Amino acid sequence: MNPLLDTSALPRFGEVQPEHALPAMTELIARHREKLAELLNSGTVEDFDALIPPLEEMSHELSRVWSPIGHLHSVLGDPGWRDAYNECLKLVTEHHTEVSQNADLHAAFERVSQALPEDAPAARRKLIEHALRDFRLAGVALPVAEKQTFKETRQTLAGTQARFEQNVQDSTDSWKLDIDDAARLEGLPPPIVERAAQDAAAENQPGWRLNLDYPTYHAVMMHAVDRELRRTFYRAWATRASDQADDASWNNAATIERILELRHELAGLVGYDNYAEYSLATKMATTTDEVLEFLGELASRTRAAAQRELDALAELAEHPIEAWDVAFYLERLKHSRYAVSDELLRQYFPVDRVKDGMFALAGKLYNVTLSPAESVSGWHDTIRYYEVQNADGEPIGGFYTDLYARSGKRSGAWIDECIVRKNLNGESVLPVGYLVCNFSPPDKDGVSLLTHNDVVTLFHEFGHMLHHLLTRVDYPSIAGINGVPWDAVELPSQFMENFAWTYDVLKEASGHFETGDPLPEAIFDKLSQSRYLGAGLAMLRQLEFALYDFRVHASYEPALGPRTLALLEQVREEVAVVPHPEYNRFPMSFSHIFAGGYAAGYYSYKWAEVLAADAFSAFEESGIFDAATAARFRAEILEIGGSRDIMQAFVAFRGRKPKLDALLRQSGIGKAA
Ligand code: ZN
């Protein structure tokens, strides 16, 4: 039997090979297509129990088989898995489109919705509501001609977005700076300089060749003492894919107009006034005004603090601060005020100590125990598996950790679902997840030391994992992180980060790698004070992006012609405190919104941060280990998945709607208007 199709227990990672992927997915999808047709032809799908459980079973099974394929593709970086993944992705996408545009299925959902009794459980109501919404957003109910237009517009949009990204990539790749005077590299980290020397040598050039990849750009802006070098890099970065670039071959100005036009059309076809409204249909925020007011209020309450930060930088620099000075002088200020080095901190954070402390925290808050299961094997010998149990020993679920960088492994940190919780027809399946990071691998003594930044990352991902594991929802499509709006899904993770900035937690989650001593409080205090240095400036920058993104979609009017730069200028006048040179063409490389999933959704970062900070402030008020507060957070937020309106859930936890104050206070931006 194809080991991928064995869904009786955990995936058989020891046996699964890339060649199993396509046959497994092909067989499964064919089987599901038949089952779906049978179901719809059976003439019995008039009520919830006849329609939903079989559909949930199918998508659960599909995700169970698909999950290890996507996962191994990400963590192994093996060419065989890449091909297998790409082949399967095509099948899965096609299948998804087919289902989401199936008019008979849609009609069945409509009938079930009508037949749903008044007193139906909230989860059932929510599940149907989500499904109908997604059908509508996929254009299922449109007349045939418009349905076709919708499909074509979506395809054209996907292609245009891909071109946007390629233009950014090509423009970025085309830029180089050759340097022959070592003095100009002063301050840059050695690995960046070494790579620049290698890149020059590879071209038979003397000196150093600097590229415009993000690590180099970032290092120059933070560390290059040569102000002119920073200015040059800033200009190159801020003009990528624009008419102002050194080579203007990849100008995205027209691409942006086309993307906005296509999105506006799509939104119009399914009944929205603009794409911002379309975007909000699946989010926690309800109206465009609500989002604009949210961003506007955050901005106005942050400006004074940001201006003070800017003044402090100017004082240190002894000249007015330009856009290419901000990161550099912030870094200097941080070192002069709170010298705590990563190297010193790392000595206190051996990964196993941090994990033990973090698991102990979960135990304290939610009454769960996490214990390693040695017998479960993964896809590499550094993989560990943990079982999670409730206080009474009842198993809740489990998760794999894959913590260390390896060649071929995708960078960054994330969690993913291996198995989603399901409880249907008397059969219950527990959730299982993957928690993946890219920390420094253990040394020859088997010790891996984390920076504090790594510790925060681990807590963040663990927050997502608890959201996935602690769910009590029976239907996989709304269990755990499924069905949770995009602007709320980072609530549990950003919430958890706060504990990594709390001394009572860190002293349990730290232990010097030689002496075992916990992190001294004096070092923690400095670390804690450095947390929000430049917070006001960073906040305004994010708000500028978010406001631009939202307004450009909300106020799009085909008749008005291209307005994107004028709009950006307007936003900056209202929000920014750092001056921007006229040549700045930031939108031309704003891939998050023009190529990625953040269109009219960039505000989500801040939205979720406000929820997380406000939720954490409830713990600050009651004592951060307060059992009643934690129990309420677990019950109202972590357990509900997408089964409930998130605003209602938040109010049930907090006793009121979210307020901005906690985030502003925690960021040191203050309460003053
Ligand atoms: Zn996250």
# chains A, B, ... in the order shown; residues from 1 in each chain; ligands from 1
call {"tool": "closest_atom_pairs", "arguments": {"of": "chain A", "to": "ligand 1", "cutoff": "9 Å", "atoms": "only C-alpha atoms and all ligand atoms", "output": "Markdown table"}}
result
| residue | atom | partner | partner_atom_place_in_ligand_line | distance |
| --- | --- | --- | --- | --- |
| A:Ala413 | CA | ligand 1 | 1 (Zn) | 8.5 |
| A:Trp414 | CA | ligand 1 | 1 (Zn) | 6.9 |
| A:Ile415 | CA | ligand 1 | 1 (Zn) | 8.2 |
| A:Thr457 | CA | ligand 1 | 1 (Zn) | 8.8 |
| A:His460 | CA | ligand 1 | 1 (Zn) | 6.3 |
| A:Glu461 | CA | ligand 1 | 1 (Zn) | 6.3 |
| A:Gly463 | CA | ligand 1 | 1 (Zn) | 8.3 |
| A:His464 | CA | ligand 1 | 1 (Zn) | 6.7 |
| A:Val489 | CA | ligand 1 | 1 (Zn) | 7.7 |
| A:Glu490 | CA | ligand 1 | 1 (Zn) | 5.3 |
| A:Leu491 | CA | ligand 1 | 1 (Zn) | 8.5 |
| A:Pro492 | CA | ligand 1 | 1 (Zn) | 8.5 |
| A:Ser493 | CA | ligand 1 | 1 (Zn) | 5.7 |
| A:Gln494 | CA | ligand 1 | 1 (Zn) | 7.1 |
call {"tool": "write_last_selection", "arguments": {"atoms": "C-alpha atoms", "output": "mmCIF file, in the first residue's frame"}}
result
data_model
loop_
_atom_site.group_PDB
_atom_site.id
_atom_site.type_symbol
_atom_site.label_atom_id
_atom_site.label_comp_id
_atom_site.auth_asym_id
_atom_site.auth_seq_id
_atom_site.Cartn_x
_atom_site.Cartn_y
_atom_site.Cartn_z
ATOM 1 C CA ALA A 413 9.904 29.690 11.408
ATOM 2 C CA TRP A 414 6.372 28.387 11.127
ATOM 3 C CA ILE A 415 3.888 25.809 12.293
ATOM 4 C CA THR A 457 10.294 33.178 17.856
ATOM 5 C CA HIS A 460 5.442 32.807 18.957
ATOM 6 C CA GLU A 461 5.259 29.519 17.084
ATOM 7 C CA GLY A 463 1.379 30.081 20.566
ATOM 8 C CA HIS A 464 0.164 29.048 17.096
ATOM 9 C CA VAL A 489 -4.896 34.402 13.436
ATOM 10 C CA GLU A 490 -1.754 36.014 14.898
ATOM 11 C CA LEU A 491 -3.522 36.729 18.187
ATOM 12 C CA PRO A 492 -2.466 33.534 20.019
ATOM 13 C CA SER A 493 1.099 33.726 18.707
ATOM 14 C CA GLN A 494 1.801 37.398 19.388
#
call {"tool": "select_by_dssp", "arguments": {"residues": "region 117-146 of chain A", "states": "helix (DSSP H, G or I)", "output": "ChimeraX atom specification"}}
result
/A:122-137,144-146
call {"tool": "write_last_selection", "arguments": {"atoms": "N, CA, C and O atoms", "output": "compact mmCIF listing (two decimals), in the first residue's frame"}}
result
# COMPACT_ATOMS: atom_id res chain seq x y z
N ALA A 122 -24.02 26.83 17.49
CA ALA A 122 -23.34 27.93 16.82
C ALA A 122 -22.29 27.43 15.82
O ALA A 122 -22.14 28.00 14.74
N ALA A 123 -21.60 26.37 16.15
CA ALA A 123 -20.55 25.86 15.26
C ALA A 123 -21.13 25.44 13.91
O ALA A 123 -20.55 25.70 12.86
N ARG A 124 -22.29 24.81 13.95
CA ARG A 124 -22.93 24.37 12.70
C ARG A 124 -23.32 25.58 11.85
O ARG A 124 -23.10 25.61 10.64
N ARG A 125 -23.89 26.57 12.53
CA ARG A 125 -24.32 27.77 11.84
C ARG A 125 -23.11 28.45 11.17
O ARG A 125 -23.14 28.87 10.03
N LYS A 126 -22.02 28.53 11.95
CA LYS A 126 -20.81 29.22 11.47
C LYS A 126 -20.20 28.48 10.28
O LYS A 126 -19.75 29.08 9.31
N LEU A 127 -20.19 27.16 10.38
CA LEU A 127 -19.61 26.35 9.31
C LEU A 127 -20.34 26.60 7.99
O LEU A 127 -19.73 26.84 6.94
N ILE A 128 -21.66 26.58 8.06
CA ILE A 128 -22.48 26.80 6.86
C ILE A 128 -22.27 28.23 6.34
O ILE A 128 -22.10 28.46 5.13
N GLU A 129 -22.27 29.17 7.27
CA GLU A 129 -22.08 30.58 6.91
C GLU A 129 -20.75 30.78 6.16
O GLU A 129 -20.70 31.42 5.11
N HIS A 130 -19.67 30.19 6.70
CA HIS A 130 -18.36 30.29 6.04
C HIS A 130 -18.38 29.68 4.65
O HIS A 130 -17.85 30.24 3.70
N ALA A 131 -18.99 28.51 4.56
CA ALA A 131 -18.99 27.81 3.28
C ALA A 131 -19.75 28.62 2.24
O ALA A 131 -19.27 28.81 1.11
N LEU A 132 -20.92 29.13 2.61
CA LEU A 132 -21.71 29.92 1.66
C LEU A 132 -20.96 31.18 1.24
O LEU A 132 -20.96 31.57 0.08
N ARG A 133 -20.32 31.79 2.20
CA ARG A 133 -19.51 32.98 1.90
C ARG A 133 -18.41 32.65 0.88
O ARG A 133 -18.22 33.36 -0.10
N ASP A 134 -17.71 31.55 1.12
CA ASP A 134 -16.61 31.20 0.22
C ASP A 134 -17.11 30.84 -1.18
O ASP A 134 -16.46 31.15 -2.17
N PHE A 135 -18.26 30.20 -1.24
CA PHE A 135 -18.87 29.93 -2.55
C PHE A 135 -19.14 31.26 -3.28
O PHE A 135 -18.83 31.43 -4.44
N ARG A 136 -19.74 32.18 -2.53
CA ARG A 136 -20.09 33.47 -3.13
C ARG A 136 -18.83 34.20 -3.60
O ARG A 136 -18.77 34.72 -4.71
N LEU A 137 -17.79 34.20 -2.76
CA LEU A 137 -16.55 34.89 -3.14
C LEU A 137 -15.86 34.22 -4.31
O LEU A 137 -15.05 34.83 -4.99
N VAL A 144 -23.81 32.33 -16.13
CA VAL A 144 -22.72 31.63 -16.82
C VAL A 144 -21.66 32.57 -17.40
O VAL A 144 -20.46 32.38 -17.20
N ALA A 145 -22.11 33.62 -18.09
CA ALA A 145 -21.15 34.50 -18.76
C ALA A 145 -20.26 35.22 -17.75
O ALA A 145 -19.04 35.30 -17.89
N GLU A 146 -20.90 35.70 -16.67
CA GLU A 146 -20.13 36.42 -15.66
C GLU A 146 -19.21 35.49 -14.88
O GLU A 146 -18.12 35.88 -14.46
call {"tool": "residues_around", "arguments": {"residues": "Leu36 (chain A)", "least_positions_apart": "2", "cutoff": "9 Å", "atoms": "only C-alpha atoms", "output": "ChimeraX atom specification"}}
result
/A:31-34,38-41,54-55,58,105
call {"tool": "write_last_selection", "arguments": {"atoms": "N, CA and C atoms", "output": "PDB file, in the first residue's frame"}}
result
ATOM      1  N   ARG A  31     -11.138   9.449  -6.094  1.00  0.00           N
ATOM      2  CA  ARG A  31     -12.089   8.823  -5.193  1.00  0.00           C
ATOM      3  C   ARG A  31     -13.067   9.864  -4.639  1.00  0.00           C
ATOM      4  N   HIS A  32     -12.526  11.019  -4.256  1.00  0.00           N
ATOM      5  CA  HIS A  32     -13.384  12.060  -3.686  1.00  0.00           C
ATOM      6  C   HIS A  32     -14.352  12.630  -4.711  1.00  0.00           C
ATOM      7  N   ARG A  33     -13.886  12.727  -5.943  1.00  0.00           N
ATOM      8  CA  ARG A  33     -14.748  13.260  -6.997  1.00  0.00           C
ATOM      9  C   ARG A  33     -15.964  12.351  -7.161  1.00  0.00           C
ATOM     10  N   GLU A  34     -15.701  11.053  -7.133  1.00  0.00           N
ATOM     11  CA  GLU A  34     -16.795  10.082  -7.238  1.00  0.00           C
ATOM     12  C   GLU A  34     -17.735  10.171  -6.051  1.00  0.00           C
ATOM     13  N   GLU A  38     -21.706  11.054  -6.025  1.00  0.00           N
ATOM     14  CA  GLU A  38     -22.669  10.127  -5.412  1.00  0.00           C
ATOM     15  C   GLU A  38     -23.517  10.820  -4.353  1.00  0.00           C
ATOM     16  N   LEU A  39     -22.816  11.566  -3.526  1.00  0.00           N
ATOM     17  CA  LEU A  39     -23.487  12.273  -2.434  1.00  0.00           C
ATOM     18  C   LEU A  39     -24.547  13.228  -2.983  1.00  0.00           C
ATOM     19  N   LEU A  40     -24.167  13.982  -4.015  1.00  0.00           N
ATOM     20  CA  LEU A  40     -25.085  14.978  -4.563  1.00  0.00           C
ATOM     21  C   LEU A  40     -26.226  14.330  -5.341  1.00  0.00           C
ATOM     22  N   ASN A  41     -25.965  13.125  -5.863  1.00  0.00           N
ATOM     23  CA  ASN A  41     -27.015  12.443  -6.622  1.00  0.00           C
ATOM     24  C   ASN A  41     -27.922  11.596  -5.744  1.00  0.00           C
ATOM     25  N   PRO A  54     -19.888  13.935   5.640  1.00  0.00           N
ATOM     26  CA  PRO A  54     -19.116  13.310   4.552  1.00  0.00           C
ATOM     27  C   PRO A  54     -18.133  14.282   3.889  1.00  0.00           C
ATOM     28  N   LEU A  55     -18.527  15.539   3.742  1.00  0.00           N
ATOM     29  CA  LEU A  55     -17.611  16.521   3.131  1.00  0.00           C
ATOM     30  C   LEU A  55     -16.418  16.782   4.041  1.00  0.00           C
ATOM     31  N   MET A  58     -13.980  14.010   3.857  1.00  0.00           N
ATOM     32  CA  MET A  58     -13.161  14.031   2.636  1.00  0.00           C
ATOM     33  C   MET A  58     -12.052  15.059   2.747  1.00  0.00           C
ATOM     34  N   LEU A 105     -23.333  21.552  -5.469  1.00  0.00           N
ATOM     35  CA  LEU A 105     -22.892  21.517  -4.076  1.00  0.00           C
ATOM     36  C   LEU A 105     -23.336  22.793  -3.358  1.00  0.00           C
TER      37      LEU A 105
END
call {"tool": "closest_residue", "arguments": {"among": "A:Pro117, A:His380, A:Phe545, A:Lys35", "to": "Phe590 (chain A)", "atoms": "only C-alpha atoms"}}
result
A:Phe545
call {"tool": "closest_residue", "arguments": {"among": "A:Asn584, A:Gln648, A:Gln666, A:Thr282", "to": "Val610 (chain A)", "atoms": "only C-alpha atoms"}}
result
A:Gln666
call {"tool": "residues_around", "arguments": {"residues": "region 216-226 of chain A", "least_positions_apart": "5", "cutoff": "7 Å", "atoms": "only C-alpha atoms", "output": "PDB file with all heavy atoms, in the first residue's frame"}}
result
ATOM      1  N   ARG A 184      35.146  52.135   2.903  1.00  0.00           N
ATOM      2  CA  ARG A 184      33.710  52.354   2.719  1.00  0.00           C
ATOM      3  C   ARG A 184      32.869  51.245   3.364  1.00  0.00           C
ATOM      4  O   ARG A 184      31.668  51.404   3.526  1.00  0.00           O
ATOM      5  CB  ARG A 184      33.375  52.425   1.217  1.00  0.00           C
ATOM      6  CG  ARG A 184      34.006  53.599   0.516  1.00  0.00           C
ATOM      7  CD  ARG A 184      33.227  53.977  -0.724  1.00  0.00           C
ATOM      8  NE  ARG A 184      31.896  54.507  -0.396  1.00  0.00           N
ATOM      9  CZ  ARG A 184      30.921  54.684  -1.275  1.00  0.00           C
ATOM     10  NH1 ARG A 184      31.120  54.358  -2.538  1.00  0.00           N
ATOM     11  NH2 ARG A 184      29.764  55.178  -0.913  1.00  0.00           N
ATOM     12  N   LEU A 185      33.512  50.110   3.679  1.00  0.00           N
ATOM     13  CA  LEU A 185      32.769  48.973   4.226  1.00  0.00           C
ATOM     14  C   LEU A 185      32.755  48.972   5.749  1.00  0.00           C
ATOM     15  O   LEU A 185      32.211  48.049   6.367  1.00  0.00           O
ATOM     16  CB  LEU A 185      33.385  47.666   3.726  1.00  0.00           C
ATOM     17  CG  LEU A 185      33.431  47.538   2.203  1.00  0.00           C
ATOM     18  CD1 LEU A 185      34.220  46.311   1.802  1.00  0.00           C
ATOM     19  CD2 LEU A 185      32.014  47.468   1.635  1.00  0.00           C
ATOM     20  N   GLU A 186      33.325  49.997   6.334  1.00  0.00           N
ATOM     21  CA  GLU A 186      33.433  50.052   7.788  1.00  0.00           C
ATOM     22  C   GLU A 186      32.076  49.823   8.466  1.00  0.00           C
ATOM     23  O   GLU A 186      31.071  50.425   8.087  1.00  0.00           O
ATOM     24  CB  GLU A 186      33.981  51.424   8.214  1.00  0.00           C
ATOM     25  CG  GLU A 186      34.310  51.474   9.689  1.00  0.00           C
ATOM     26  CD  GLU A 186      34.657  52.881  10.168  1.00  0.00           C
ATOM     27  OE1 GLU A 186      34.919  53.760   9.306  1.00  0.00           O
ATOM     28  OE2 GLU A 186      34.652  53.098  11.387  1.00  0.00           O
ATOM     29  N   GLY A 187      32.098  48.937   9.452  1.00  0.00           N
ATOM     30  CA  GLY A 187      30.890  48.667  10.221  1.00  0.00           C
ATOM     31  C   GLY A 187      30.108  47.455   9.744  1.00  0.00           C
ATOM     32  O   GLY A 187      29.318  46.888  10.486  1.00  0.00           O
ATOM     33  N   LEU A 188      30.307  47.038   8.487  1.00  0.00           N
ATOM     34  CA  LEU A 188      29.519  45.916   7.963  1.00  0.00           C
ATOM     35  C   LEU A 188      29.954  44.604   8.615  1.00  0.00           C
ATOM     36  O   LEU A 188      31.136  44.382   8.843  1.00  0.00           O
ATOM     37  CB  LEU A 188      29.683  45.808   6.444  1.00  0.00           C
ATOM     38  CG  LEU A 188      29.032  46.907   5.618  1.00  0.00           C
ATOM     39  CD1 LEU A 188      29.225  46.636   4.134  1.00  0.00           C
ATOM     40  CD2 LEU A 188      27.537  47.002   5.942  1.00  0.00           C
ATOM     41  N   ILE A 192      29.037  39.536   5.479  1.00  0.00           N
ATOM     42  CA  ILE A 192      28.573  40.324   4.330  1.00  0.00           C
ATOM     43  C   ILE A 192      29.788  40.764   3.497  1.00  0.00           C
ATOM     44  O   ILE A 192      29.776  40.686   2.260  1.00  0.00           O
ATOM     45  CB  ILE A 192      27.791  41.571   4.829  1.00  0.00           C
ATOM     46  CG1 ILE A 192      26.541  41.143   5.600  1.00  0.00           C
ATOM     47  CG2 ILE A 192      27.465  42.521   3.683  1.00  0.00           C
ATOM     48  CD1 ILE A 192      25.365  40.729   4.761  1.00  0.00           C
ATOM     49  N   ASN A 211      25.507  43.329  -3.520  1.00  0.00           N
ATOM     50  CA  ASN A 211      24.227  43.145  -4.200  1.00  0.00           C
ATOM     51  C   ASN A 211      23.116  43.805  -3.402  1.00  0.00           C
ATOM     52  O   ASN A 211      23.330  44.251  -2.286  1.00  0.00           O
ATOM     53  CB  ASN A 211      23.911  41.654  -4.323  1.00  0.00           C
ATOM     54  CG  ASN A 211      24.944  40.955  -5.155  1.00  0.00           C
ATOM     55  OD1 ASN A 211      25.237  41.382  -6.259  1.00  0.00           O
ATOM     56  ND2 ASN A 211      25.533  39.902  -4.598  1.00  0.00           N
ATOM     57  N   PHE A 233      22.373  52.904  -1.179  1.00  0.00           N
ATOM     58  CA  PHE A 233      21.558  51.693  -1.026  1.00  0.00           C
ATOM     59  C   PHE A 233      20.080  52.033  -0.828  1.00  0.00           C
ATOM     60  O   PHE A 233      19.204  51.357  -1.353  1.00  0.00           O
ATOM     61  CB  PHE A 233      22.063  50.847   0.156  1.00  0.00           C
ATOM     62  CG  PHE A 233      22.932  49.712  -0.295  1.00  0.00           C
ATOM     63  CD1 PHE A 233      24.270  49.924  -0.572  1.00  0.00           C
ATOM     64  CD2 PHE A 233      22.412  48.442  -0.470  1.00  0.00           C
ATOM     65  CE1 PHE A 233      25.077  48.893  -1.015  1.00  0.00           C
ATOM     66  CE2 PHE A 233      23.198  47.398  -0.911  1.00  0.00           C
ATOM     67  CZ  PHE A 233      24.530  47.615  -1.185  1.00  0.00           C
ATOM     68  N   TRP A 324      17.785  57.294   5.299  1.00  0.00           N
ATOM     69  CA  TRP A 324      18.868  56.309   5.336  1.00  0.00           C
ATOM     70  C   TRP A 324      19.703  56.374   6.621  1.00  0.00           C
ATOM     71  O   TRP A 324      20.729  55.713   6.734  1.00  0.00           O
ATOM     72  CB  TRP A 324      19.785  56.455   4.111  1.00  0.00           C
ATOM     73  CG  TRP A 324      20.174  57.884   3.829  1.00  0.00           C
ATOM     74  CD1 TRP A 324      21.268  58.538   4.297  1.00  0.00           C
ATOM     75  CD2 TRP A 324      19.458  58.805   3.015  1.00  0.00           C
ATOM     76  NE1 TRP A 324      21.274  59.825   3.835  1.00  0.00           N
ATOM     77  CE2 TRP A 324      20.178  60.019   3.032  1.00  0.00           C
ATOM     78  CE3 TRP A 324      18.265  58.739   2.259  1.00  0.00           C
ATOM     79  CZ2 TRP A 324      19.748  61.157   2.339  1.00  0.00           C
ATOM     80  CZ3 TRP A 324      17.853  59.864   1.573  1.00  0.00           C
ATOM     81  CH2 TRP A 324      18.585  61.058   1.612  1.00  0.00           C
ATOM     82  N   ALA A 327      17.789  53.545  10.761  1.00  0.00           N
ATOM     83  CA  ALA A 327      18.190  52.243  11.304  1.00  0.00           C
ATOM     84  C   ALA A 327      19.592  52.317  11.904  1.00  0.00           C
ATOM     85  O   ALA A 327      19.865  51.753  12.966  1.00  0.00           O
ATOM     86  CB  ALA A 327      18.141  51.182  10.206  1.00  0.00           C
ATOM     87  N   PHE A 328      20.465  53.049  11.236  1.00  0.00           N
ATOM     88  CA  PHE A 328      21.858  53.149  11.683  1.00  0.00           C
ATOM     89  C   PHE A 328      21.964  53.789  13.062  1.00  0.00           C
ATOM     90  O   PHE A 328      22.614  53.257  13.968  1.00  0.00           O
ATOM     91  CB  PHE A 328      22.656  53.967  10.656  1.00  0.00           C
ATOM     92  CG  PHE A 328      24.096  54.174  11.035  1.00  0.00           C
ATOM     93  CD1 PHE A 328      25.011  53.145  10.871  1.00  0.00           C
ATOM     94  CD2 PHE A 328      24.528  55.385  11.554  1.00  0.00           C
ATOM     95  CE1 PHE A 328      26.348  53.323  11.224  1.00  0.00           C
ATOM     96  CE2 PHE A 328      25.857  55.580  11.907  1.00  0.00           C
ATOM     97  CZ  PHE A 328      26.769  54.543  11.736  1.00  0.00           C
ATOM     98  N   GLU A 331      20.448  51.728  15.947  1.00  0.00           N
ATOM     99  CA  GLU A 331      21.388  50.684  16.356  1.00  0.00           C
ATOM    100  C   GLU A 331      22.446  51.260  17.304  1.00  0.00           C
ATOM    101  O   GLU A 331      22.772  50.678  18.329  1.00  0.00           O
ATOM    102  CB  GLU A 331      22.013  50.072  15.099  1.00  0.00           C
ATOM    103  CG  GLU A 331      22.759  48.781  15.305  1.00  0.00           C
ATOM    104  CD  GLU A 331      21.890  47.642  15.833  1.00  0.00           C
ATOM    105  OE1 GLU A 331      20.653  47.722  15.772  1.00  0.00           O
ATOM    106  OE2 GLU A 331      22.494  46.683  16.349  1.00  0.00           O
TER     107      GLU A 331
END
call {"tool": "select_by_dssp", "arguments": {"residues": "region 265-430 of chain A", "states": "strand (DSSP E)", "output": "PyMOL selection string"}}
result
chain A and resi 368-372+384-390+395-404+414-419+422-424+427-429
call {"tool": "atom_distance", "arguments": {"atom1": "CA of Asp119 (chain A)", "atom2": "CA of Ser643 (chain A)"}}
result
15.3 Å
call {"tool": "residues_around", "arguments": {"residues": "Arg308 (chain A)", "least_positions_apart": "2", "cutoff": "12 Å", "atoms": "only C-alpha atoms", "output": "list in words"}}
result
Thr302, Arg303, Ala304, Ala305, Ala306, Leu310, Asp311, Ala312, Leu313, Ala314, Glu315, Leu533, Gly534, Ala535, Gly536, Leu537, Val577, Val578, Gly668 and Ile669 of chain A
call {"tool": "closest_residue", "arguments": {"among": "A:Val75, A:Asn482, A:Ala608, A:Pro3", "to": "Asn438 (chain A)", "atoms": "only C-alpha atoms"}}
result
A:Val75
call {"tool": "residues_around", "arguments": {"residues": "Leu22 (chain A)", "least_positions_apart": "4", "cutoff": "9 Å", "atoms": "only C-alpha atoms", "output": "number ranges by chain"}}
result
A: 18, 26-27, 84-85, 87-88, 91
call {"tool": "write_last_selection", "arguments": {"atoms": "all heavy atoms", "output": "compact mmCIF listing (two decimals), in the first residue's frame"}}
result
# COMPACT_ATOMS: atom_id res chain seq x y z
N PRO A 18 9.23 10.59 -2.43
CA PRO A 18 8.57 11.50 -3.38
C PRO A 18 7.69 10.76 -4.39
O PRO A 18 6.62 11.26 -4.76
CB PRO A 18 9.75 12.19 -4.08
CG PRO A 18 10.88 12.09 -3.13
CD PRO A 18 10.67 10.83 -2.33
N THR A 26 -3.51 11.55 -6.71
CA THR A 26 -4.36 11.27 -7.87
C THR A 26 -5.48 10.31 -7.48
O THR A 26 -6.66 10.54 -7.77
CB THR A 26 -3.53 10.65 -9.02
OG1 THR A 26 -2.39 11.48 -9.24
CG2 THR A 26 -4.32 10.56 -10.30
N GLU A 27 -5.10 9.26 -6.79
CA GLU A 27 -6.08 8.26 -6.38
C GLU A 27 -7.13 8.87 -5.44
O GLU A 27 -8.33 8.68 -5.63
CB GLU A 27 -5.36 7.09 -5.68
CG GLU A 27 -6.32 5.97 -5.32
CD GLU A 27 -5.63 4.85 -4.54
OE1 GLU A 27 -4.42 4.60 -4.76
OE2 GLU A 27 -6.31 4.23 -3.69
N ALA A 84 7.62 16.58 -6.83
CA ALA A 84 6.41 15.89 -6.37
C ALA A 84 5.39 16.91 -5.85
O ALA A 84 4.20 16.84 -6.16
CB ALA A 84 6.76 14.90 -5.26
N TYR A 85 5.90 17.86 -5.09
CA TYR A 85 5.01 18.88 -4.52
C TYR A 85 4.34 19.71 -5.62
O TYR A 85 3.12 19.92 -5.61
CB TYR A 85 5.81 19.78 -3.58
CG TYR A 85 5.03 20.96 -3.07
CD1 TYR A 85 4.13 20.80 -2.01
CD2 TYR A 85 5.17 22.22 -3.64
CE1 TYR A 85 3.40 21.88 -1.54
CE2 TYR A 85 4.44 23.30 -3.17
CZ TYR A 85 3.55 23.12 -2.13
OH TYR A 85 2.82 24.18 -1.66
N GLU A 87 3.82 19.00 -8.76
CA GLU A 87 2.84 18.21 -9.52
C GLU A 87 1.53 18.09 -8.74
O GLU A 87 0.45 18.26 -9.30
CB GLU A 87 3.39 16.80 -9.78
CG GLU A 87 4.43 16.76 -10.89
CD GLU A 87 5.13 15.40 -10.94
OE1 GLU A 87 5.00 14.61 -9.98
OE2 GLU A 87 5.80 15.14 -11.94
N CYS A 88 1.68 17.80 -7.45
CA CYS A 88 0.47 17.61 -6.62
C CYS A 88 -0.27 18.93 -6.42
O CYS A 88 -1.49 18.96 -6.38
CB CYS A 88 0.84 17.03 -5.27
SG CYS A 88 1.45 15.35 -5.37
N LEU A 91 -2.79 19.57 -9.02
CA LEU A 91 -3.99 18.75 -8.82
C LEU A 91 -4.88 19.30 -7.72
O LEU A 91 -6.10 19.41 -7.87
CB LEU A 91 -3.57 17.34 -8.37
CG LEU A 91 -3.21 16.30 -9.40
CD1 LEU A 91 -3.03 14.96 -8.68
CD2 LEU A 91 -4.33 16.19 -10.42
call {"tool": "decode", "arguments": {"residues": "region 32-49 of chain A", "atoms": "C-alpha atoms", "output": "compact mmCIF listing (two decimals), in the first residue's frame"}}
result
# COMPACT_ATOMS: atom_id res chain seq x y z
CA HIS A 32 -13.38 12.06 -3.69
CA ARG A 33 -14.75 13.26 -7.00
CA GLU A 34 -16.80 10.08 -7.24
CA LYS A 35 -17.93 10.27 -3.65
CA LEU A 36 -19.02 13.87 -4.07
CA ALA A 37 -21.02 13.06 -7.20
CA GLU A 38 -22.67 10.13 -5.41
CA LEU A 39 -23.49 12.27 -2.43
CA LEU A 40 -25.08 14.98 -4.56
CA ASN A 41 -27.01 12.44 -6.62
CA SER A 42 -28.26 10.49 -3.63
CA GLY A 43 -31.13 12.92 -3.14
CA THR A 44 -30.79 12.82 0.64
CA VAL A 45 -28.66 15.85 1.29
CA GLU A 46 -31.33 18.07 2.76
CA ASP A 47 -29.98 18.40 6.26
CA PHE A 48 -26.71 19.13 7.98
CA ASP A 49 -25.92 15.58 9.04
